[in-house]
file protein.cif (mmCIF, C-alpha atoms and all ligand atoms)
data_my_file
loop_
_atom_site.label_atom_id
_atom_site.label_comp_id
_atom_site.auth_asym_id
_atom_site.auth_seq_id
_atom_site.Cartn_x
_atom_site.Cartn_y
_atom_site.Cartn_z
CA MET A 183 0.00 0.00 0.00
CA THR A 184 1.40 3.39 -0.86
CA GLU A 185 1.24 6.02 1.78
CA ASP A 186 -0.05 9.49 1.04
CA VAL A 187 3.09 11.57 1.55
CA ARG A 188 2.12 15.08 2.67
CA THR A 189 4.43 17.92 3.46
CA ASP A 190 3.42 21.10 5.21
CA ALA A 191 6.21 23.09 3.58
CA PRO A 192 4.76 26.11 1.77
CA ARG A 193 4.57 25.91 -2.00
CA THR A 194 6.72 28.10 -4.22
CA SER A 195 6.95 28.62 -7.97
CA ASP A 196 9.84 26.11 -8.15
CA GLY A 197 8.92 23.36 -10.56
CA ALA A 198 5.25 24.43 -10.66
CA THR A 199 3.45 24.27 -14.01
CA PRO A 200 1.26 27.34 -14.56
CA HIS A 201 -2.38 26.94 -15.56
CA PHE A 202 -2.98 28.45 -18.97
CA TRP A 203 -5.78 31.00 -18.63
CA PRO A 204 -7.23 31.66 -22.09
CA VAL A 205 -9.72 34.31 -20.83
CA GLU A 206 -12.30 33.14 -23.33
CA HIS A 207 -15.36 35.04 -24.42
CA LEU A 208 -18.15 34.81 -21.85
CA ASP A 209 -21.74 35.90 -22.41
CA ALA A 210 -24.28 37.46 -20.09
CA LEU A 211 -23.64 36.57 -16.44
CA GLU A 212 -21.51 33.48 -17.09
CA PHE A 213 -18.70 33.16 -14.57
CA ASP A 214 -15.15 32.33 -15.73
CA PRO A 215 -14.81 28.55 -15.20
CA LEU A 216 -11.12 28.70 -14.31
CA LEU A 217 -11.73 31.31 -11.62
CA HIS A 218 -14.55 29.20 -10.23
CA ARG A 219 -12.32 26.13 -10.05
CA LEU A 220 -9.18 27.81 -8.68
CA LEU A 221 -11.16 29.56 -5.94
CA ARG A 222 -12.18 26.15 -4.62
CA GLU A 223 -9.18 24.00 -5.50
CA GLU A 224 -6.08 26.19 -5.64
CA PRO A 225 -6.77 29.66 -4.27
CA VAL A 226 -3.20 30.83 -4.89
CA ALA A 227 -2.23 29.45 -8.29
CA LEU A 228 0.37 30.11 -10.96
CA VAL A 229 -1.16 31.22 -14.26
CA ARG A 230 -0.03 32.18 -17.72
CA MET A 231 -2.12 34.21 -20.18
CA ARG A 232 -1.97 34.87 -23.93
CA PHE A 233 0.42 37.83 -23.87
CA GLY A 234 3.48 38.97 -21.94
CA GLU A 235 6.14 36.73 -20.46
CA GLY A 236 6.41 33.99 -17.88
CA SER A 237 3.78 33.31 -15.25
CA ALA A 238 2.16 35.14 -12.33
CA TRP A 239 0.37 34.16 -9.14
CA LEU A 240 -3.39 34.53 -9.14
CA VAL A 241 -5.08 35.00 -5.77
CA THR A 242 -8.82 34.28 -5.64
CA ARG A 243 -9.96 34.14 -1.99
CA TYR A 244 -11.63 37.14 -0.35
CA GLN A 245 -9.43 37.23 2.75
CA ASP A 246 -6.14 36.60 0.89
CA ILE A 247 -7.04 39.38 -1.56
CA LYS A 248 -7.71 41.85 1.24
CA GLU A 249 -4.29 41.01 2.64
CA VAL A 250 -2.40 41.30 -0.65
CA THR A 251 -4.05 44.59 -1.60
CA SER A 252 -3.31 46.25 1.72
CA ASP A 253 0.27 44.97 2.00
CA PRO A 254 2.89 47.57 0.97
CA ARG A 255 5.29 44.74 0.11
CA PHE A 256 3.39 44.38 -3.17
CA SER A 257 4.35 47.18 -5.56
CA ARG A 258 2.59 48.61 -8.57
CA ALA A 259 5.47 50.89 -9.59
CA LEU A 260 7.67 47.83 -10.23
CA THR A 261 5.27 46.64 -12.96
CA VAL A 262 6.42 49.48 -15.23
CA ASP A 263 8.64 47.98 -17.96
CA ARG A 264 7.90 44.42 -16.75
CA PRO A 265 6.15 42.41 -19.48
CA VAL A 266 4.13 40.39 -16.93
CA THR A 267 1.89 37.72 -18.49
CA SER A 268 -1.37 39.42 -19.42
CA MET A 269 -4.66 39.11 -21.31
CA THR A 270 -3.97 42.14 -23.54
CA PRO A 271 -1.07 42.76 -25.94
CA HIS A 272 -0.64 46.23 -24.50
CA VAL A 273 -0.81 47.48 -20.93
CA VAL A 274 -3.98 49.52 -20.68
CA ALA A 275 -2.88 51.67 -17.76
CA PRO A 276 -0.06 54.05 -18.70
CA ALA A 277 3.32 54.03 -16.96
CA GLY A 278 3.22 56.86 -14.41
CA GLY A 279 -0.58 56.49 -14.28
CA ILE A 280 -2.14 56.33 -10.84
CA GLY A 281 -2.67 52.57 -10.98
CA ARG A 282 1.03 51.98 -11.45
CA THR A 283 2.46 54.15 -8.68
CA ASP A 284 3.35 53.47 -5.04
CA PRO A 285 3.53 55.91 -2.11
CA PRO A 286 4.55 58.69 -1.89
CA ASP A 287 3.54 59.44 -5.51
CA HIS A 288 0.32 57.45 -5.24
CA THR A 289 -0.68 59.21 -2.01
CA ARG A 290 -0.04 62.63 -3.58
CA LEU A 291 -2.19 61.80 -6.65
CA ARG A 292 -5.03 60.36 -4.56
CA ARG A 293 -5.01 63.46 -2.38
CA LEU A 294 -5.36 65.70 -5.44
CA LEU A 295 -8.37 63.71 -6.65
CA ALA A 296 -10.03 63.06 -3.30
CA GLN A 297 -11.88 66.37 -3.27
CA THR A 298 -13.59 65.78 -6.57
CA PHE A 299 -14.50 62.18 -6.12
CA ASN A 300 -15.58 62.26 -2.51
CA ARG A 301 -19.07 61.32 -1.45
CA LYS A 302 -20.12 64.89 -0.72
CA ARG A 303 -19.21 66.13 -4.17
CA VAL A 304 -20.86 63.13 -5.80
CA ALA A 305 -23.99 63.59 -3.68
CA ALA A 306 -24.16 67.19 -4.90
CA LEU A 307 -24.06 65.93 -8.49
CA LYS A 308 -26.98 63.62 -7.81
CA VAL A 309 -29.63 66.26 -8.40
CA GLU A 310 -28.21 66.97 -11.86
CA ALA A 311 -27.89 63.25 -12.57
CA GLU A 312 -31.56 62.79 -11.65
CA ALA A 313 -32.57 65.52 -14.07
CA ILE A 314 -30.48 63.94 -16.84
CA ALA A 315 -31.96 60.47 -16.17
CA GLU A 316 -35.47 61.91 -16.16
CA GLU A 317 -34.84 63.58 -19.52
CA LEU A 318 -33.23 60.51 -21.10
CA VAL A 319 -35.87 58.05 -19.88
CA GLY A 320 -38.59 60.52 -20.93
CA ALA A 321 -37.10 60.67 -24.44
CA MET A 322 -36.93 56.87 -24.57
CA LEU A 323 -40.62 56.61 -23.63
CA ALA A 324 -41.52 59.22 -26.23
CA GLN A 325 -39.53 57.41 -28.92
CA GLY A 326 -41.56 54.25 -28.24
CA SER A 327 -40.73 50.60 -27.70
CA PRO A 328 -38.61 48.68 -28.37
CA ALA A 329 -35.65 50.87 -27.51
CA ASP A 330 -31.99 50.19 -26.75
CA LEU A 331 -31.15 51.13 -23.18
CA THR A 332 -27.45 51.61 -23.94
CA GLU A 333 -28.17 54.09 -26.72
CA CYS A 334 -30.94 55.92 -24.89
CA VAL A 335 -29.78 56.00 -21.27
CA THR A 336 -26.73 54.08 -20.01
CA GLY A 337 -24.41 55.40 -22.76
CA PRO A 338 -25.35 59.12 -22.75
CA MET A 339 -25.84 59.50 -18.98
CA PRO A 340 -22.21 58.85 -17.86
CA GLU A 341 -20.99 60.84 -20.86
CA ARG A 342 -22.87 63.92 -19.68
CA VAL A 343 -22.00 63.41 -16.01
CA ILE A 344 -18.25 62.99 -16.58
CA GLY A 345 -18.29 65.79 -19.16
CA LYS A 346 -19.59 68.10 -16.43
CA LEU A 347 -17.28 66.81 -13.73
CA LEU A 348 -14.16 66.92 -15.86
CA GLY A 349 -15.05 69.97 -17.96
CA VAL A 350 -14.86 68.26 -21.38
CA PRO A 351 -16.91 70.18 -23.98
CA GLU A 352 -20.01 68.17 -25.01
CA ASP A 353 -19.01 68.28 -28.69
CA ASP A 354 -15.82 66.36 -27.93
CA LEU A 355 -17.44 63.46 -26.10
CA GLY A 356 -18.10 61.47 -29.30
CA ARG A 357 -14.38 61.47 -30.15
CA LEU A 358 -13.50 60.31 -26.66
CA GLN A 359 -16.01 57.45 -26.97
CA ALA A 360 -14.35 56.31 -30.21
CA TRP A 361 -10.87 56.33 -28.62
CA ARG A 362 -12.23 54.46 -25.60
CA ALA A 363 -13.51 51.66 -27.81
CA VAL A 364 -10.00 50.97 -29.17
CA ILE A 365 -8.03 51.38 -25.97
CA LEU A 366 -10.26 49.20 -23.81
CA SER A 367 -10.34 46.34 -26.27
CA SER A 368 -8.04 43.34 -26.31
CA ASP A 369 -8.55 42.93 -30.07
CA HIS A 370 -6.35 45.72 -31.38
CA SER A 371 -2.64 45.60 -32.13
CA LEU A 372 -0.06 47.38 -30.02
CA GLU A 373 0.49 49.88 -32.87
CA GLU A 374 -3.20 50.72 -33.16
CA SER A 375 -3.68 51.20 -29.47
CA ASN A 376 -0.48 53.28 -29.16
CA ALA A 377 -1.64 55.56 -31.99
CA VAL A 378 -4.99 56.13 -30.25
CA LYS A 379 -3.32 56.70 -26.89
CA ALA A 380 -1.14 59.38 -28.54
CA GLU A 381 -4.27 61.04 -29.97
CA ILE A 382 -6.15 61.12 -26.70
CA ALA A 383 -3.07 62.42 -24.86
CA GLY A 384 -2.70 65.16 -27.51
CA TYR A 385 -6.35 66.09 -27.01
CA PHE A 386 -5.90 66.57 -23.25
CA ARG A 387 -2.61 68.48 -23.73
CA GLU A 388 -4.47 70.99 -25.93
CA LEU A 389 -7.36 71.21 -23.50
CA ALA A 390 -4.87 71.81 -20.65
CA ALA A 391 -3.17 74.64 -22.57
CA HIS A 392 -6.61 76.22 -23.10
CA ARG A 393 -7.63 75.82 -19.44
CA VAL A 394 -4.53 77.69 -18.21
CA ASP A 395 -6.11 80.93 -19.46
CA HIS A 396 -9.75 79.85 -19.34
CA PRO A 397 -10.25 77.86 -16.13
CA GLY A 398 -13.67 76.42 -15.39
CA ASP A 399 -15.34 75.06 -12.28
CA ASP A 400 -14.34 71.47 -13.00
CA LEU A 401 -11.87 68.73 -12.11
CA PHE A 402 -9.60 69.19 -15.12
CA SER A 403 -9.18 72.91 -14.34
CA GLU A 404 -8.28 71.99 -10.75
CA LEU A 405 -5.66 69.55 -12.00
CA VAL A 406 -4.27 72.13 -14.44
CA ALA A 407 -3.91 74.55 -11.49
CA ALA A 408 -2.12 71.83 -9.49
CA ARG A 409 0.22 71.35 -12.46
CA ALA A 410 1.03 75.07 -12.42
CA THR A 411 2.22 74.78 -8.81
CA ASP A 412 4.17 71.60 -9.55
CA GLU A 413 1.99 69.35 -7.40
CA LEU A 414 1.59 67.22 -10.49
CA SER A 415 3.81 66.50 -13.52
CA ALA A 416 2.60 67.03 -17.08
CA PRO A 417 2.45 63.27 -17.91
CA GLU A 418 0.57 62.66 -14.64
CA LEU A 419 -1.98 65.32 -15.53
CA ILE A 420 -2.65 63.75 -18.92
CA SER A 421 -2.75 60.14 -17.74
CA LEU A 422 -5.15 60.98 -14.90
CA ALA A 423 -7.57 62.66 -17.28
CA VAL A 424 -7.37 59.75 -19.72
CA MET A 425 -7.85 57.13 -17.02
CA ILE A 426 -10.83 58.93 -15.51
CA VAL A 427 -12.60 59.58 -18.78
CA LEU A 428 -12.10 56.03 -20.10
CA ASN A 429 -13.37 54.43 -16.92
CA ALA A 430 -16.25 56.82 -16.56
CA LEU A 431 -17.51 56.23 -20.10
CA ASP A 432 -17.12 52.48 -20.13
CA GLN A 433 -17.82 51.19 -16.67
CA VAL A 434 -21.08 52.92 -15.83
CA ARG A 435 -22.58 51.99 -19.20
CA ASN A 436 -21.64 48.34 -18.85
CA GLN A 437 -22.41 47.99 -15.19
CA CYS A 438 -25.76 49.70 -15.26
CA SER A 439 -26.93 47.90 -18.43
CA THR A 440 -25.94 44.55 -16.95
CA MET A 441 -27.74 45.44 -13.71
CA VAL A 442 -30.94 46.00 -15.68
CA TYR A 443 -30.42 42.71 -17.57
CA THR A 444 -29.85 40.84 -14.29
CA LEU A 445 -33.02 42.21 -12.70
CA LEU A 446 -35.12 41.52 -15.78
CA THR A 447 -33.89 37.92 -15.93
CA HIS A 448 -34.57 37.36 -12.19
CA PRO A 449 -38.26 38.28 -12.03
CA ASP A 450 -38.76 37.25 -8.38
CA GLU A 451 -35.99 39.53 -7.23
CA LEU A 452 -37.27 42.33 -9.46
CA ALA A 453 -40.75 41.94 -7.95
CA ARG A 454 -39.28 42.26 -4.44
CA LEU A 455 -37.51 45.45 -5.44
CA ARG A 456 -40.63 46.88 -7.04
CA ALA A 457 -42.61 46.07 -3.92
CA ASP A 458 -40.05 47.77 -1.68
CA PRO A 459 -38.01 50.48 -3.47
CA GLU A 460 -36.13 51.10 -0.19
CA LEU A 461 -34.22 47.92 -1.05
CA LEU A 462 -32.48 49.69 -3.93
CA PRO A 463 -29.14 50.54 -2.23
CA MET A 464 -28.88 46.93 -0.99
CA ALA A 465 -29.85 45.66 -4.43
CA ILE A 466 -27.06 47.73 -6.01
CA GLU A 467 -24.52 46.09 -3.67
CA GLU A 468 -25.78 42.59 -4.49
CA LEU A 469 -25.68 43.41 -8.20
CA LEU A 470 -22.10 44.67 -7.84
CA ARG A 471 -21.17 41.44 -6.06
CA PHE A 472 -22.94 39.11 -8.45
CA ILE A 473 -22.15 40.60 -11.87
CA PRO A 474 -18.81 39.54 -13.39
CA GLN A 475 -17.84 43.05 -14.56
CA ARG A 476 -14.77 42.17 -16.52
CA ASN A 477 -12.80 39.54 -18.39
CA GLY A 478 -9.56 38.31 -16.82
CA VAL A 479 -7.88 40.43 -14.15
CA GLY A 480 -6.61 44.00 -13.71
CA LEU A 481 -3.07 45.19 -13.04
CA PRO A 482 -0.57 42.90 -11.33
CA ARG A 483 1.62 43.73 -8.36
CA ILE A 484 5.26 42.73 -7.78
CA ALA A 485 6.48 41.35 -4.44
CA THR A 486 9.35 43.41 -3.03
CA GLU A 487 10.28 40.59 -0.62
CA ASP A 488 9.18 37.02 0.07
CA VAL A 489 5.58 37.06 1.33
CA CYS A 490 3.36 34.17 2.48
CA VAL A 491 -0.11 34.17 0.94
CA GLY A 492 -2.28 31.18 1.83
CA ASP A 493 -0.04 28.12 1.50
CA VAL A 494 2.34 29.80 -0.94
CA VAL A 495 5.53 31.80 -0.54
CA ILE A 496 5.51 34.45 -3.20
CA ARG A 497 9.13 35.27 -3.82
CA ALA A 498 10.57 38.77 -4.14
CA GLY A 499 10.27 39.85 -7.77
CA GLU A 500 7.33 37.58 -8.62
CA ALA A 501 4.13 39.01 -10.09
CA VAL A 502 0.73 38.63 -8.40
CA TYR A 503 -2.80 39.22 -9.69
CA VAL A 504 -5.90 39.32 -7.52
CA SER A 505 -9.37 38.54 -8.86
CA TYR A 506 -12.00 40.68 -7.17
CA LEU A 507 -14.64 38.80 -9.17
CA ALA A 508 -13.58 35.55 -7.53
CA ALA A 509 -13.50 37.19 -4.08
CA ASN A 510 -17.13 38.17 -4.58
CA ARG A 511 -18.04 34.49 -5.05
CA ASP A 512 -15.97 33.11 -2.16
CA PRO A 513 -18.10 30.41 -0.49
CA GLU A 514 -16.38 31.05 2.84
CA VAL A 515 -17.73 34.59 2.86
CA PHE A 516 -21.00 34.42 0.92
CA THR A 517 -23.58 31.65 1.40
CA GLU A 518 -24.55 30.12 -1.92
CA PRO A 519 -22.31 32.64 -3.66
CA ASP A 520 -23.58 31.88 -7.16
CA ARG A 521 -27.14 32.82 -6.24
CA PHE A 522 -28.41 36.36 -6.83
CA ASP A 523 -30.24 37.34 -3.64
CA LEU A 524 -31.32 40.90 -2.96
CA SER A 525 -31.73 40.40 0.78
CA ARG A 526 -28.15 39.22 1.23
CA ASP A 527 -26.58 41.11 4.10
CA GLU A 528 -23.07 39.70 4.37
CA SER A 529 -19.56 41.12 3.97
CA PRO A 530 -19.05 44.11 1.68
CA ASN A 531 -18.36 43.14 -1.94
CA LEU A 532 -14.95 43.84 -3.47
CA ALA A 533 -16.21 44.93 -6.90
CA PHE A 534 -14.39 48.25 -6.59
CA GLY A 535 -11.21 46.69 -5.26
CA HIS A 536 -9.60 47.13 -1.88
CA GLY A 537 -6.71 48.94 -0.21
CA ALA A 538 -4.78 51.94 -1.45
CA HIS A 539 -5.88 51.48 -5.08
CA TYR A 540 -9.58 51.20 -4.23
CA CYS A 541 -11.60 52.54 -7.17
CA LEU A 542 -11.86 56.30 -7.26
CA GLY A 543 -15.09 56.18 -9.20
CA ALA A 544 -16.99 53.94 -6.76
CA ALA A 545 -19.26 56.64 -5.32
CA LEU A 546 -19.87 58.13 -8.78
CA THR A 547 -20.77 54.72 -10.22
CA ARG A 548 -23.07 53.74 -7.33
CA MET A 549 -24.84 57.09 -7.56
CA GLN A 550 -25.45 56.86 -11.32
CA CYS A 551 -26.63 53.23 -11.16
CA GLU A 552 -29.00 54.09 -8.35
CA VAL A 553 -30.42 57.10 -10.18
CA ILE A 554 -30.89 55.19 -13.45
CA LEU A 555 -32.49 52.14 -11.81
CA ALA A 556 -34.79 54.27 -9.64
CA THR A 557 -35.95 56.27 -12.67
CA LEU A 558 -36.54 53.18 -14.82
CA LEU A 559 -38.47 51.34 -12.08
CA ARG A 560 -40.63 54.35 -11.33
CA ARG A 561 -41.42 55.37 -14.90
CA MET A 562 -41.68 51.94 -16.51
CA PRO A 563 -43.79 49.54 -14.43
CA GLY A 564 -44.00 47.07 -17.33
CA LEU A 565 -40.29 47.10 -18.23
CA ARG A 566 -38.97 43.86 -19.78
CA LEU A 567 -36.48 42.59 -22.37
CA ALA A 568 -37.69 43.05 -25.94
CA VAL A 569 -35.86 39.87 -27.04
CA ALA A 570 -35.26 36.47 -25.46
CA PRO A 571 -32.39 36.68 -22.92
CA GLU A 572 -30.17 34.46 -25.13
CA GLN A 573 -30.59 36.92 -28.00
CA VAL A 574 -28.92 39.80 -26.18
CA ARG A 575 -25.51 40.32 -27.79
CA TRP A 576 -22.55 40.73 -25.46
CA ARG A 577 -19.30 42.53 -26.14
CA ARG A 578 -16.42 40.47 -27.44
CA GLY A 579 -12.73 41.12 -27.05
CA SER A 580 -13.16 43.87 -24.50
CA ILE A 581 -11.78 44.11 -21.02
CA ASN A 582 -15.01 45.21 -19.39
CA ARG A 583 -18.04 43.02 -20.00
CA GLY A 584 -21.47 44.33 -20.92
CA PRO A 585 -24.21 44.06 -23.55
CA GLU A 586 -23.61 45.53 -27.02
CA THR A 587 -27.20 46.70 -26.92
CA LEU A 588 -30.06 46.05 -24.51
CA PRO A 589 -33.41 46.08 -26.36
CA LEU A 590 -36.26 46.83 -23.94
CA THR A 591 -39.99 47.10 -24.15
CA TRP A 592 -42.56 48.27 -21.59
C1 LIG B 1 -18.75 49.45 -12.14
C2 LIG B 1 -17.85 50.35 -12.33
C3 LIG B 1 -16.43 50.23 -11.85
C4 LIG B 1 -15.77 49.14 -11.36
C5 LIG B 1 -16.30 47.72 -11.16
C6 LIG B 1 -14.43 49.60 -11.03
C7 LIG B 1 -13.47 48.79 -10.47
C8 LIG B 1 -12.19 49.20 -10.15
C9 LIG B 1 -11.18 48.35 -9.64
C10 LIG B 1 -11.35 46.85 -9.35
C11 LIG B 1 -10.06 49.09 -9.47
C12 LIG B 1 -8.67 48.60 -9.10
C13 LIG B 1 -8.43 48.22 -7.74
C14 LIG B 1 -6.98 47.79 -7.61
O1 LIG B 1 -6.16 48.14 -8.44
O2 LIG B 1 -6.67 47.07 -6.67
C15 LIG B 1 -10.36 50.43 -9.88
C16 LIG B 1 -9.48 51.47 -9.85
C17 LIG B 1 -9.75 52.70 -10.37
N1 LIG B 1 -10.96 53.14 -10.86
FE1 LIG B 1 -12.67 52.07 -11.01
N2 LIG B 1 -14.30 50.92 -11.33
C18 LIG B 1 -15.51 51.36 -11.84
C19 LIG B 1 -15.82 52.62 -12.23
C20 LIG B 1 -14.93 53.67 -12.26
C21 LIG B 1 -15.25 55.00 -12.71
C22 LIG B 1 -16.61 55.46 -13.19
C23 LIG B 1 -14.09 55.74 -12.60
C24 LIG B 1 -13.84 57.18 -12.93
C25 LIG B 1 -14.69 58.13 -12.97
C26 LIG B 1 -13.06 54.87 -12.09
C27 LIG B 1 -11.77 55.24 -11.84
C28 LIG B 1 -10.81 54.44 -11.28
C29 LIG B 1 -9.43 54.87 -11.03
C30 LIG B 1 -8.83 56.24 -11.36
C31 LIG B 1 -8.77 53.78 -10.43
C32 LIG B 1 -7.33 53.71 -10.00
C33 LIG B 1 -7.18 54.09 -8.55
C34 LIG B 1 -5.78 53.94 -8.03
O3 LIG B 1 -4.95 53.24 -8.66
O4 LIG B 1 -5.48 54.52 -6.99
N3 LIG B 1 -13.60 53.62 -11.89
N4 LIG B 1 -11.68 50.48 -10.29
#

call {"tool": "encode", "arguments": {"input": "protein.cif", "output": "structure tokens"}}
result
Amino acid sequence: MTEDVRTDAPRTSDGATPHFWPVEHLDALEFDPLLHRLLREEPVALVRMRFGEGSAWLVTRYQDIKEVTSDPRFSRALTVDRPVTSMTPHVVAPAGGIGRTDPPDHTRLRRLLAQTFNRKRVAALKVEAEAIAEELVGAMLAQGSPADLTECVTGPMPERVIGKLLGVPEDDLGRLQAWRAVILSSDHSLEESNAVKAEIAGYFRELAAHRVDHPGDDLFSELVAARATDELSAPELISLAVMIVLNALDQVRNQCSTMVYTLLTHPDELARLRADPELLPMAIEELLRFIPQRNGVGLPRIATEDVCVGDVVIRAGEAVYVSYLAANRDPEVFTEPDRFDLSRDESPNLAFGHGAHYCLGAALTRMQCEVILATLLRRMPGLRLAVAPEQVRWRRGSINRGPETLPLTW
């Protein structure tokens, strides 16, 4: 009889074969099968993706992720010029961009942005957002059914909100949308995406030059003023504006459209929400937890020294990814994690990340989703999909997931 030989020595990357993670196209609310499996079977696993070099650790458990993302021994700055294995041929976040800095630079940039993105400022914007939602939903009703929610509401709303917040002239928003589509896709070549990044950077350089003499009451003007007093470098100014505008245009559209799809395909939960609109803030949190917002994972971190995570020693210099999507389905934290349940009152979800790099747009996103959902529920008591759920077309080859269009009737 052979004995099961077990050792309690921590695992390392020595001799380990990475799992190949193809990051295949997923429709609707389908959860990535590899993430689902690793979360249960190998919560700290070596993976390799289609692009970049070598392998990286992928951490999937809620608690491990909270530890990694609040541990200063994992650096973002060290990812600059490191071709870490990745799902895209190009790194979406620019070098020197906020996502790829460590303290003290990261702290300085966050401080500059904190004013604009804080809850108070976002709450003040809510009244305007409500007026915009009212107007857009009103126009959709007037146009008649069926109508595409992304074209009528979830596309234009964040465009107008971020335009106001950032001070981008309304006429320029269409161009920014077109650049966004190329940069946030994994289907374009490095050359194409670099050309578009140069265009969008040129756009914001020109706008900055204009704002020096013509400041407005907006975030970009505040950043231009900070540049004038050297609190911010010129490349930092541009990359912040690009990062904010790209996220703002893409994420709210996708997230809010998918929220509507999720509710319409879970009629019991929708009926509970209709019966008790006070549930809405809780519903938003459960939707954020349940919806797989993206394909693959975000930016990696590099260990600056050997660090134990779960049963693994991540060695100094090794790259680590965390999957917030997986954390949101951790069975040790959420009962029946794959079930969508509006009355769930468990740990906070990690959809917006955790630690120093926690999403800056979280309050802005929550506010817009809440305003859009509240307006739709109130003004459209008979709202439903205009096609069978399987006929909704989902984006392909993009980093953030969401429907191409969402045809609705009422
Ligand atoms: C549903 C919508 C959104 C989701 C799910 C989301 C999620 C995230 C996540 C997971 C991170 C990274 C956390 C990390 O690196 O550990 C992040 C960072 C960030 N997000 Fe969002 N985000 C959303 C919307 C937005 C919006 C609307 C904006 C801008 C207006 C925005 C701006 C940013 C910025 C600037 C960072 C980098 C922060 C830093 O590195 O310090 N996000 N977001």

call {"tool": "residues_near_ligand", "arguments": {"input": "protein.cif", "ligand": "ligand LIG 1 (chain B)", "cutoff": "6 Å", "atoms": "all atoms listed in the file", "output": "PDB file with C-alpha atoms, keeping the file's coordinate frame"}}
result
ATOM      1  CA  ILE A 280      -2.140  56.330 -10.840  1.00  0.00           C
ATOM      2  CA  GLY A 281      -2.670  52.570 -10.980  1.00  0.00           C
ATOM      3  CA  MET A 425      -7.850  57.130 -17.020  1.00  0.00           C
ATOM      4  CA  ILE A 426     -10.830  58.930 -15.510  1.00  0.00           C
ATOM      5  CA  ASN A 429     -13.370  54.430 -16.920  1.00  0.00           C
ATOM      6  CA  ALA A 430     -16.250  56.820 -16.560  1.00  0.00           C
ATOM      7  CA  GLN A 433     -17.820  51.190 -16.670  1.00  0.00           C
ATOM      8  CA  VAL A 434     -21.080  52.920 -15.830  1.00  0.00           C
ATOM      9  CA  GLN A 437     -22.410  47.990 -15.190  1.00  0.00           C
ATOM     10  CA  GLN A 475     -17.840  43.050 -14.560  1.00  0.00           C
ATOM     11  CA  ALA A 533     -16.210  44.930  -6.900  1.00  0.00           C
ATOM     12  CA  PHE A 534     -14.390  48.250  -6.590  1.00  0.00           C
ATOM     13  CA  GLY A 535     -11.210  46.690  -5.260  1.00  0.00           C
ATOM     14  CA  HIS A 536      -9.600  47.130  -1.880  1.00  0.00           C
ATOM     15  CA  HIS A 539      -5.880  51.480  -5.080  1.00  0.00           C
ATOM     16  CA  TYR A 540      -9.580  51.200  -4.230  1.00  0.00           C
ATOM     17  CA  CYS A 541     -11.600  52.540  -7.170  1.00  0.00           C
ATOM     18  CA  LEU A 542     -11.860  56.300  -7.260  1.00  0.00           C
ATOM     19  CA  GLY A 543     -15.090  56.180  -9.200  1.00  0.00           C
ATOM     20  CA  ALA A 544     -16.990  53.940  -6.760  1.00  0.00           C
ATOM     21  CA  THR A 547     -20.770  54.720 -10.220  1.00  0.00           C
TER      22      THR A 547
END

call {"tool": "atom_distance", "arguments": {"input": "protein.cif", "atom1": "atom CA of Ala313 of chain A", "atom2": "atom CA of Thr587 of chain A"}}
result
23.4 Å

call {"tool": "residues_around", "arguments": {"input": "protein.cif", "residues": "segment 234-247 of chain A", "least_positions_apart": "5", "cutoff": "6 Å", "atoms": "all atoms listed in the file", "output": "list of chain:residue names"}}
result
A:Leu221, A:Pro225, A:Val226, A:Ala227, A:Leu228, A:Val229, A:Pro265, A:Val266, A:Thr267, A:Ser268, A:Ala501, A:Val502, A:Tyr503, A:Val504, A:Ser505, A:Ala508, A:Ala509

call {"tool": "axis_aligned_box", "arguments": {"input": "protein.cif", "around": "segment 508-514 of chain A", "padding_each_side": "6 Å", "output": "AutoDock Vina command-line options"}}
result
--center_x -15.8 --center_y 34.3 --center_z -2.3 --size_x 16.6 --size_y 19.8 --size_z 22.4

call {"tool": "closest_residue", "arguments": {"input": "protein.cif", "among": "A:Ala259, A:Met549, A:Cys334, A:Ala315", "to": "Leu590 of chain A", "atoms": "all atoms listed in the file"}}
result
A:Cys334

call {"tool": "atom_distance", "arguments": {"input": "protein.cif", "atom1": "atom CA of Glu413 of chain A", "atom2": "atom CA of Leu291 of chain A"}}
result
8.7 Å

call {"tool": "residues_around", "arguments": {"input": "protein.cif", "residues": "segment 516-524 of chain A", "least_positions_apart": "2", "cutoff": "9 Å", "atoms": "all atoms listed in the file", "output": "ChimeraX atom specification"}}
result
/A:213,444,448,451-452,454-455,461-462,464-469,471-472,510-514,526-529
